[in-house]
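Visitor: For reference, the file protein_9.pdb (PDB, C-alpha atoms) is included below:
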```pdb
ATOM      1  CA  MET A 563     164.442 151.016  18.809
ATOM      2  CA  SER A 564     162.623 154.342  19.180
ATOM      3  CA  ASP A 565     162.643 156.905  16.389
ATOM      4  CA  ALA A 566     164.847 159.257  18.448
ATOM      5  CA  VAL A 567     167.390 156.560  19.191
ATOM      6  CA  GLN A 568     167.335 155.419  15.558
ATOM      7  CA  LEU A 569     168.092 158.950  14.344
ATOM      8  CA  VAL A 570     170.930 159.428  16.836
ATOM      9  CA  TRP A 571     172.208 155.944  16.006
ATOM     10  CA  SER A 572     172.431 156.826  12.321
ATOM     11  CA  ARG A 573     174.619 159.855  13.112
ATOM     12  CA  ARG A 574     177.255 158.068  15.200
ATOM     13  CA  PRO A 575     180.863 159.190  14.462
ATOM     14  CA  ALA A 576     182.231 156.953  11.714
ATOM     15  CA  LYS A 577     185.803 156.651  13.007
ATOM     16  CA  ALA A 578     184.623 155.508  16.437
ATOM     17  CA  VAL A 579     182.040 153.123  14.982
ATOM     18  CA  ALA A 580     184.808 151.482  12.954
ATOM     19  CA  ARG A 581     186.555 150.635  16.238
ATOM     20  CA  LEU A 582     183.504 149.150  17.965
ATOM     21  CA  GLY A 583     184.079 145.634  16.640
ATOM     22  CA  GLY A 584     180.367 145.040  16.174
ATOM     23  CA  ARG A 585     179.362 146.239  19.649
ATOM     24  CA  LYS A 586     175.992 148.001  19.684
ATOM     25  CA  LEU A 587     176.958 151.177  21.558
ATOM     26  CA  LEU A 588     175.458 154.636  21.167
ATOM     27  CA  ILE A 589     178.816 156.331  20.681
ATOM     28  CA  SER A 590     178.238 160.066  20.428
ATOM     29  CA  SER A 591     180.105 163.179  19.363
ATOM     30  CA  ALA A 592     181.042 165.414  22.287
ATOM     31  CA  ARG A 593     179.883 168.376  20.208
ATOM     32  CA  GLU A 594     176.330 167.140  19.787
ATOM     33  CA  LEU A 595     176.030 166.013  23.405
ATOM     34  CA  LEU A 596     177.087 169.493  24.589
ATOM     35  CA  ARG A 597     174.493 171.051  22.282
ATOM     36  CA  ALA A 598     171.845 168.714  23.699
ATOM     37  CA  ALA A 599     172.884 169.598  27.261
ATOM     38  CA  ALA A 600     172.497 173.289  26.440
ATOM     39  CA  ARG A 601     169.039 172.658  24.982
ATOM     40  CA  GLU A 602     167.976 170.820  28.149
ATOM     41  CA  ASP A 603     169.919 173.104  30.539
ATOM     42  CA  LEU A 604     171.870 170.164  31.983
ATOM     43  CA  MET A 605     175.433 169.668  33.182
ATOM     44  CA  LEU A 606     177.406 166.736  31.804
ATOM     45  CA  VAL A 607     179.870 164.846  33.994
ATOM     46  CA  ALA A 608     183.060 163.618  32.294
ATOM     47  CA  LEU A 609     185.241 161.288  34.351
ATOM     48  CA  ALA A 610     189.007 160.916  34.102
ATOM     49  CA  ALA A 611     189.592 157.162  33.816
ATOM     50  CA  PRO A 612     193.268 156.235  33.290
ATOM     51  CA  ALA A 613     192.767 152.593  34.367
ATOM     52  CA  PRO A 614     190.547 149.794  32.997
ATOM     53  CA  ALA A 615     189.065 149.113  36.438
ATOM     54  CA  ALA A 616     188.034 152.768  36.693
ATOM     55  CA  ILE A 617     186.448 152.604  33.239
ATOM     56  CA  ALA A 618     184.443 149.550  34.295
ATOM     57  CA  GLY A 619     183.301 151.191  37.528
ATOM     58  CA  PHE A 620     182.253 154.402  35.804
ATOM     59  CA  ALA A 621     180.381 152.478  33.098
ATOM     60  CA  ARG A 622     178.432 150.596  35.750
ATOM     61  CA  ALA A 623     177.609 153.842  37.546
ATOM     62  CA  ALA A 624     176.369 155.500  34.342
ATOM     63  CA  ARG A 625     174.171 152.499  33.585
ATOM     64  CA  ASP A 626     172.726 152.398  37.105
ATOM     65  CA  ALA A 627     172.134 156.177  37.120
ATOM     66  CA  SER A 628     170.760 156.315  33.548
ATOM     67  CA  ALA A 629     173.372 158.998  32.870
ATOM     68  CA  PRO A 630     175.483 159.515  29.752
ATOM     69  CA  LEU A 631     178.957 158.001  30.032
ATOM     70  CA  LEU A 632     181.746 160.476  29.276
ATOM     71  CA  LEU A 633     185.213 159.010  29.828
ATOM     72  CA  VAL A 634     188.381 161.097  29.738
ATOM     73  CA  ARG A 635     191.929 159.964  29.091
ATOM     74  CA  PRO A 636     194.486 162.481  30.386
ATOM     75  CA  SER A 637     197.569 162.882  28.217
ATOM     76  CA  GLY A 638     200.382 160.905  29.760
ATOM     77  CA  ALA A 639     203.283 161.507  27.377
ATOM     78  CA  ALA A 640     205.823 164.288  27.555
ATOM     79  CA  ASP A 641     206.584 163.756  23.868
ATOM     80  CA  GLU A 642     203.456 163.174  21.808
ATOM     81  CA  LYS A 643     205.541 162.036  18.849
ATOM     82  CA  GLY A 644     206.439 158.752  20.497
ATOM     83  CA  PRO A 645     204.385 155.614  19.860
ATOM     84  CA  GLU A 646     203.691 154.825  23.511
ATOM     85  CA  GLU A 647     200.947 157.449  23.864
ATOM     86  CA  ALA A 648     199.235 156.115  20.739
ATOM     87  CA  ARG A 649     199.330 152.562  22.121
ATOM     88  CA  ASP A 650     197.876 153.744  25.421
ATOM     89  CA  ASP A 651     195.163 155.702  23.582
ATOM     90  CA  THR A 652     194.179 152.529  21.750
ATOM     91  CA  ALA A 653     194.172 150.520  24.980
ATOM     92  CA  PHE A 654     191.925 153.130  26.626
ATOM     93  CA  VAL A 655     189.412 153.082  23.764
ATOM     94  CA  ASP A 656     189.380 149.280  23.644
ATOM     95  CA  ALA A 657     188.808 149.094  27.409
ATOM     96  CA  ALA A 658     185.979 151.636  27.226
ATOM     97  CA  PHE A 659     184.178 149.811  24.432
ATOM     98  CA  ALA A 660     184.654 146.459  26.154
ATOM     99  CA  ALA A 661     183.352 147.690  29.519
ATOM    100  CA  ALA A 662     180.323 149.443  28.029
ATOM    101  CA  GLY A 663     179.576 146.567  25.683
ATOM    102  CA  ASP A 664     179.768 143.899  28.383
ATOM    103  CA  LEU A 665     177.184 145.573  30.665
ATOM    104  CA  PRO A 666     175.590 146.431  28.161
ATOM    105  CA  PHE A 667     175.385 150.234  28.352
ATOM    106  CA  ARG A 668     172.633 151.796  26.195
ATOM    107  CA  GLY A 669     173.062 155.522  26.856
ATOM    108  CA  PRO A 670     175.212 158.089  25.040
ATOM    109  CA  LEU A 671     178.924 157.248  25.208
ATOM    110  CA  VAL A 672     181.617 159.877  24.634
ATOM    111  CA  LEU A 673     185.395 159.382  24.747
ATOM    112  CA  LEU A 674     187.484 162.502  25.415
ATOM    113  CA  LYS A 675     191.234 163.067  25.191
ATOM    114  CA  GLU A 676     193.053 165.779  27.130
ATOM    115  CA  PRO A 677     195.832 167.820  25.463
ATOM    116  CA  PRO A 678     199.542 167.301  26.239
ATOM    117  CA  ARG A 679     200.647 168.867  29.499
ATOM    118  CA  VAL A 680     203.616 170.527  27.748
ATOM    119  CA  ALA A 681     204.320 171.711  24.219
ATOM    120  CA  SER A 682     204.594 168.750  21.885
ATOM    121  CA  THR A 683     207.163 168.172  19.162
ATOM    122  CA  ALA A 684     204.348 166.821  16.977
ATOM    123  CA  PRO A 685     201.925 169.277  15.334
ATOM    124  CA  ASP A 686     198.476 169.413  16.894
ATOM    125  CA  SER A 687     196.937 168.379  13.593
ATOM    126  CA  GLU A 688     198.888 165.084  13.612
ATOM    127  CA  ARG A 689     198.072 164.388  17.248
ATOM    128  CA  VAL A 690     194.373 165.155  16.841
ATOM    129  CA  GLN A 691     194.044 163.010  13.729
ATOM    130  CA  ARG A 692     195.719 160.122  15.528
ATOM    131  CA  GLU A 693     193.367 160.460  18.500
ATOM    132  CA  ILE A 694     190.262 160.516  16.299
ATOM    133  CA  GLU A 695     191.492 157.465  14.396
ATOM    134  CA  ALA A 696     191.848 155.735  17.785
ATOM    135  CA  GLY A 697     188.146 156.315  18.461
ATOM    136  CA  PHE A 698     187.925 159.496  20.551
ATOM    137  CA  THR A 699     184.837 161.608  19.865
ATOM    138  CA  GLY A 700     186.108 164.714  21.615
ATOM    139  CA  VAL A 701     189.663 166.101  21.576
ATOM    140  CA  SER A 702     191.376 169.158  23.029
ATOM    141  CA  LEU A 703     193.773 171.934  22.131
ATOM    142  CA  ALA A 704     195.742 174.012  24.602
ATOM    143  CA  ALA A 705     195.359 177.789  24.344
ATOM    144  CA  ALA A 706     198.044 179.279  22.097
ATOM    145  CA  ASP A 707     199.982 182.516  22.638
ATOM    146  CA  THR A 708     201.042 183.491  19.112
ATOM    147  CA  GLN A 709     199.427 183.949  15.715
ATOM    148  CA  GLN A 710     201.516 181.067  14.369
ATOM    149  CA  ASP A 711     200.226 178.828  17.141
ATOM    150  CA  ALA A 712     196.688 179.936  16.345
ATOM    151  CA  ARG A 713     197.149 179.089  12.668
ATOM    152  CA  ASN A 714     198.501 175.663  13.570
ATOM    153  CA  ALA A 715     195.564 175.116  15.916
ATOM    154  CA  ALA A 716     193.161 176.113  13.135
ATOM    155  CA  LEU A 717     194.466 173.281  10.947
ATOM    156  CA  ALA A 718     193.640 170.752  13.636
ATOM    157  CA  ALA A 719     190.355 172.432  14.557
ATOM    158  CA  GLY A 720     189.130 172.547  10.966
ATOM    159  CA  TRP A 721     189.390 168.789  10.583
ATOM    160  CA  VAL A 722     187.546 168.172  13.865
ATOM    161  CA  TYR A 723     184.810 170.668  12.965
ATOM    162  CA  GLN A 724     184.220 169.097   9.549
ATOM    163  CA  MET A 725     183.763 165.708  11.199
ATOM    164  CA  GLU A 726     181.291 167.254  13.694
ATOM    165  CA  LEU A 727     183.281 165.978  16.669
ATOM    166  CA  GLY A 728     183.930 167.755  19.937
ATOM    167  CA  LEU A 729     186.813 170.224  20.301
ATOM    168  CA  GLU A 730     187.562 171.743  23.701
ATOM    169  CA  ILE A 731     190.025 174.591  24.235
ATOM    170  CA  VAL A 732     191.915 174.041  27.502
ATOM    171  CA  PRO A 733     193.741 177.015  29.055
ATOM    172  CA  LEU A 734     197.367 176.881  30.077
ATOM    173  CA  GLY A 735     197.493 180.568  30.968
ATOM    174  CA  GLY A 736     193.964 181.420  32.064
ATOM    175  CA  ALA A 737     190.458 181.406  30.665
ATOM    176  CA  ARG A 738     191.004 184.577  28.657
ATOM    177  CA  ALA A 739     193.753 182.925  26.582
ATOM    178  CA  ALA A 740     191.452 179.986  25.879
ATOM    179  CA  ALA A 741     188.586 182.283  24.943
ATOM    180  CA  GLU A 742     190.815 184.255  22.584
ATOM    181  CA  LEU A 743     191.899 181.096  20.776
ATOM    182  CA  ALA A 744     188.260 180.038  20.517
ATOM    183  CA  ARG A 745     187.388 183.375  18.923
ATOM    184  CA  GLN A 746     190.252 183.063  16.449
ATOM    185  CA  LEU A 747     189.185 179.558  15.480
ATOM    186  CA  ARG A 748     185.599 180.694  15.018
ATOM    187  CA  SER A 749     186.776 183.493  12.726
ATOM    188  CA  ARG A 750     188.546 180.827  10.636
ATOM    189  CA  GLY A 751     185.386 178.758  10.285
ATOM    190  CA  ALA A 752     186.361 176.099  12.842
ATOM    191  CA  THR A 753     184.261 176.931  15.896
ATOM    192  CA  PRO A 754     185.213 174.800  18.928
ATOM    193  CA  SER A 755     182.462 173.180  20.945
ATOM    194  CA  ALA A 756     183.782 174.156  24.390
ATOM    195  CA  VAL A 757     186.178 176.369  26.338
ATOM    196  CA  ARG A 758     187.347 175.275  29.778
ATOM    197  CA  ILE A 759     187.444 177.729  32.663
ATOM    198  CA  THR A 760     187.882 177.409  36.420
ATOM    199  CA  GLY A 761     184.169 177.893  36.975
ATOM    200  CA  LEU A 762     184.792 180.263  39.856
ATOM    201  CA  GLU A 763     185.995 183.337  38.004
ATOM    202  CA  ASP A 764     184.160 186.661  38.033
ATOM    203  CA  GLU A 765     184.423 186.801  34.243
ATOM    204  CA  VAL A 766     182.248 183.723  33.608
ATOM    205  CA  GLU A 767     179.218 185.780  32.641
ATOM    206  CA  GLY A 768     181.290 187.947  30.319
ATOM    207  CA  LEU A 769     182.778 184.902  28.600
ATOM    208  CA  ARG A 770     179.326 183.394  28.133
ATOM    209  CA  ALA A 771     178.179 186.509  26.355
ATOM    210  CA  GLU A 772     181.307 186.695  24.193
ATOM    211  CA  LEU A 773     181.434 183.037  23.191
ATOM    212  CA  GLY A 774     177.748 182.576  22.428
ATOM    213  CA  GLU A 775     177.023 178.968  21.423
ATOM    214  CA  ILE A 776     180.435 177.706  22.585
ATOM    215  CA  ALA A 777     179.925 175.780  25.832
ATOM    216  CA  LEU A 778     181.801 176.595  29.026
ATOM    217  CA  THR A 779     183.273 173.637  30.905
ATOM    218  CA  THR A 780     185.291 173.291  34.086
ATOM    219  CA  ALA A 781     187.511 170.840  35.952
ATOM    220  CA  THR A 782     186.653 172.341  39.354
ATOM    221  CA  GLU A 783     184.351 170.034  41.305
ATOM    222  CA  SER A 784     183.523 172.725  43.851
ATOM    223  CA  VAL A 785     181.295 174.435  41.265
ATOM    224  CA  LEU A 786     178.634 171.909  42.261
ATOM    225  CA  GLU A 787     178.346 173.720  45.602
ATOM    226  CA  THR A 788     177.243 176.972  43.924
ATOM    227  CA  PRO A 789     174.848 177.912  41.098
ATOM    228  CA  ARG A 790     176.242 176.571  37.797
ATOM    229  CA  ARG A 791     175.933 179.825  35.876
ATOM    230  CA  GLY A 792     175.607 178.061  32.549
ATOM    231  CA  LEU A 793     178.505 175.630  32.858
ATOM    232  CA  ARG A 794     177.799 172.650  30.626
ATOM    233  CA  GLN A 795     180.387 170.056  31.604
ATOM    234  CA  LEU A 796     182.457 169.073  34.610
ATOM    235  CA  VAL A 797     185.692 167.219  33.781
ATOM    236  CA  ALA A 798     186.358 165.442  37.066
ATOM    237  CA  SER A 799     189.499 163.617  38.141
ATOM    238  CA  GLY A 800     188.495 163.496  41.813
ATOM    239  CA  PRO A 801     186.398 160.303  41.653
ATOM    240  CA  PHE A 802     189.270 158.311  40.145
ATOM    241  CA  LEU A 803     191.958 159.756  42.416
ATOM    242  CA  ARG A 804     189.927 159.275  45.590
ATOM    243  CA  ALA A 805     189.165 155.689  44.612
ATOM    244  CA  LEU A 806     192.760 154.934  43.611
ATOM    245  CA  ARG A 807     194.127 156.372  46.868
ATOM    246  CA  LYS A 808     192.042 153.851  48.799
ATOM    247  CA  ALA A 809     192.482 150.871  46.472
ATOM    248  CA  ALA A 810     196.104 150.945  45.286
ATOM    249  CA  PRO A 811     199.051 149.629  47.293
ATOM    250  CA  ALA A 812     201.054 152.413  48.938
ATOM    251  CA  GLU A 813     204.075 151.800  46.704
ATOM    252  CA  VAL A 814     201.988 152.278  43.543
ATOM    253  CA  TRP A 815     200.528 155.544  44.802
ATOM    254  CA  GLY A 816     204.025 156.649  45.783
ATOM    255  CA  GLU A 817     205.391 155.883  42.316
ATOM    256  CA  LEU A 818     202.656 157.930  40.691
ATOM    257  CA  GLN A 819     203.245 160.829  43.075
ATOM    258  CA  THR A 820     207.010 160.780  42.532
ATOM    259  CA  TRP A 821     206.695 160.886  38.746
ATOM    260  CA  ALA A 822     204.132 163.691  38.927
ATOM    261  CA  ASP A 823     206.442 165.738  41.161
ATOM    262  CA  GLU A 824     209.453 165.162  38.907
ATOM    263  CA  LYS A 825     207.597 166.066  35.701
ATOM    264  CA  GLY A 826     205.453 168.873  37.046
ATOM    265  CA  ALA A 827     202.375 166.840  36.122
ATOM    266  CA  THR A 828     199.092 166.089  37.851
ATOM    267  CA  LEU A 829     198.363 162.740  39.462
ATOM    268  CA  GLU A 830     195.824 161.836  36.789
ATOM    269  CA  GLN A 831     198.438 162.570  34.104
ATOM    270  CA  SER A 832     200.873 160.356  35.986
ATOM    271  CA  ALA A 833     198.257 157.601  36.116
ATOM    272  CA  ALA A 834     197.748 157.928  32.354
ATOM    273  CA  ARG A 835     201.504 157.659  31.832
ATOM    274  CA  HIS A 836     201.564 154.528  34.008
ATOM    275  CA  GLN A 837     198.502 152.860  32.490
ATOM    276  CA  ARG A 838     200.273 149.512  32.326
ATOM    277  CA  LEU A 839     201.180 149.683  36.018
ATOM    278  CA  LEU A 840     197.522 150.174  36.896
ATOM    279  CA  ARG A 841     196.434 147.361  34.587
ATOM    280  CA  ASP A 842     198.773 145.035  36.491
ATOM    281  CA  LEU A 843     197.394 145.787  39.967
ATOM    282  CA  PRO A 844     196.444 142.684  41.993
ATOM    283  CA  GLY A 845     192.950 141.381  41.360
ATOM    284  CA  GLU A 846     191.718 142.431  44.800
ATOM    285  CA  ALA A 847     192.921 146.000  44.210
ATOM    286  CA  GLN A 848     191.320 146.031  40.759
ATOM    287  CA  ASP A 849     187.962 144.950  42.188
ATOM    288  CA  ARG A 850     188.158 147.542  44.947
ATOM    289  CA  LEU A 851     189.101 150.289  42.497
ATOM    290  CA  GLU A 852     186.155 149.413  40.247
ATOM    291  CA  ALA A 853     183.688 149.400  43.146
ATOM    292  CA  LEU A 854     184.973 152.668  44.592
ATOM    293  CA  CYS A 855     184.921 154.387  41.189
ATOM    294  CA  CYS A 856     181.309 153.301  40.747
ATOM    295  CA  PHE A 857     180.380 154.735  44.138
ATOM    296  CA  GLU A 858     182.234 158.018  43.535
ATOM    297  CA  ALA A 859     180.653 158.481  40.102
ATOM    298  CA  LEU A 860     177.135 157.831  41.395
ATOM    299  CA  GLU A 861     177.642 160.495  44.043
ATOM    300  CA  LEU A 862     178.932 163.003  41.504
ATOM    301  CA  TYR A 863     176.055 162.281  39.120
ATOM    302  CA  ARG A 864     173.673 162.998  41.986
ATOM    303  CA  LYS A 865     175.333 166.289  42.906
ATOM    304  CA  ALA A 866     175.472 167.465  39.280
ATOM    305  CA  GLY A 867     171.878 166.493  38.495
ATOM    306  CA  ALA A 868     173.133 164.141  35.765
ATOM    307  CA  ALA A 869     171.263 161.034  36.934
ATOM    308  CA  GLY A 870     168.295 160.049  34.792
ATOM    309  CA  THR A 871     169.262 162.345  31.896
ATOM    310  CA  SER A 872     170.190 159.861  29.158
ATOM    311  CA  ALA A 873     166.733 159.671  27.588
ATOM    312  CA  ARG A 874     166.320 163.467  27.641
ATOM    313  CA  LEU A 875     169.689 163.968  25.971
ATOM    314  CA  ILE A 876     169.017 161.373  23.273
ATOM    315  CA  ALA A 877     165.689 163.039  22.496
ATOM    316  CA  ALA A 878     167.397 166.455  22.417
ATOM    317  CA  ILE A 879     170.087 165.251  20.014
ATOM    318  CA  ALA A 880     167.415 163.827  17.745
ATOM    319  CA  ALA A 881     165.454 167.084  17.846
ATOM    320  CA  LEU A 882     168.572 169.059  16.940
ATOM    321  CA  HIS A 883     169.221 166.774  13.968
ATOM    322  CA  GLN A 884     165.614 167.045  12.815
ATOM    323  CA  ALA A 885     165.778 170.842  12.994
ATOM    324  CA  GLU A 886     168.831 170.815  10.723
ATOM    325  CA  GLU A 887     167.268 168.607   8.062
TER
END
```
Go ahead and express the file in the form of structure tokens.

Guide:
Amino acid sequence: MSDAVQLVWSRRPAKAVARLGGRKLLISSARELLRAAAREDLMLVALAAPAPAAIAGFARAARDASAPLLLVRPSGAADEKGPEEARDDTAFVDAAFAAAGDLPFRGPLVLLKEPPRVASTAPDSERVQREIEAGFTGVSLAAADTQQDARNAALAAGWVYQMELGLEIVPLGGARAAAELARQLRSRGATPSAVRITGLEDEVEGLRAELGEIALTTATESVLETPRRGLRQLVASGPFLRALRKAAPAEVWGELQTWADEKGATLEQSAARHQRLLRDLPGEAQDRLEALCCFEALELYRKAGAAGTSARLIAAIAALHQAEE
């Protein structure tokens, strides 16, 4: 094991390591991987993966491309207080560790959790703690509108910041609302690691100047067709959805679409809510979904310039740690 890998290995997030079950995976904090990407002027690709077959396909693509593996679980529950979301979180983490461990995958591995699509009855601090205990190394908060919401968010953010994990602010009402929450959290000593924007807004440059070391991320794949303007991470649901559309039986796709329409949710959120349905797809559909996800991810890695970056990012993380010691 090289000195750089050994140093990064020694700084793996403790909660996630406890869930590895002895697997030798380079599980990484989303915060430190974003800092390394900024140092190397790279864009990370995070892939929404609400099904085990998608996780397996994306893991294979990351291995073949020598790219870091960032897997995202969209929030599927309307009520975060219920136990079903927690069970599905655990199933996602277990599937990710199993897929990466079986390959084996040797690059940086990050597990991200999206925020609820609607206001939750459970405080953000409870939800975030539960997600970190499950093994996620990057979590999210939705932009708040009131001072009370900001104070509540600060409680959750403070815990994440102390553990040196990733915290992304995701806008519900525009990038400005997300940036304002990020500024409020920074003033409370709990600086988030990222703020998500559309990536196509005229105010990108202004937000970069205002937010300083906080990374800008996007979920808009079309940004790859234009200069990146400092965007550090693409959170992409397209590879999974395109693969699922081709692999899943028509009735399964229809069920996901119907639920999304009824709940005002996205298709990837519907897939996360129906994780068990996707796990029970016929074997032929599972194999096709895995293969198509691998192909889609490889293409996205190529477009984003993420292929062949694992070694550079590991070295950058190690250098950042050495500079702090």

Visitor: Please measure the separation of CA of Glu647 in chain A and CA of Leu796 in chain A, giving the value in Å to one decimal.

Guide: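 These atoms are spaced 24.3 Å apart.
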
Visitor: What's around range 631-638 of chain A at 7 Å? Count all atoms listed in the file, leave out sequence neighbours fewer than 6 positions away in its own chain, and write the answer as a PyMOL selection string.

Guide: chain A and resi 607-612+621+624+647+670-679+830-832+834-835

Visitor: List the residues selected by the PyMOL selection byres ((chain A and resi 654-658) around 8) in the file shown, writing them as a list in words.

Guide: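 Residues picked by the PyMOL selection byres ((chain A and resi 654-658) around 8): Pro612, Ala613, Pro614, Ile617, Ala618, Leu633, Arg635, Asp650, Asp651, Thr652, Ala653, Phe659, Ala660, Ala661, Ala662, Leu673, Ala696, Gly697 and Phe698 of chain A.
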
Visitor: In Å, rounded to a single decimal, give me how far CA of Ala752 in chain A is from CA of Ala880 in chain A.

Guide: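 CA of Ala752 in chain A lies 23.1 Å from CA of Ala880 in chain A.
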
Visitor: Which protein, DNA or RNA residues have an atom at most 9 Å from (196.7, 172.3, 14.7), counting all atoms listed in the file? List them as a ChimeraX atom specification.

Guide: /A:685-690,703,711-720
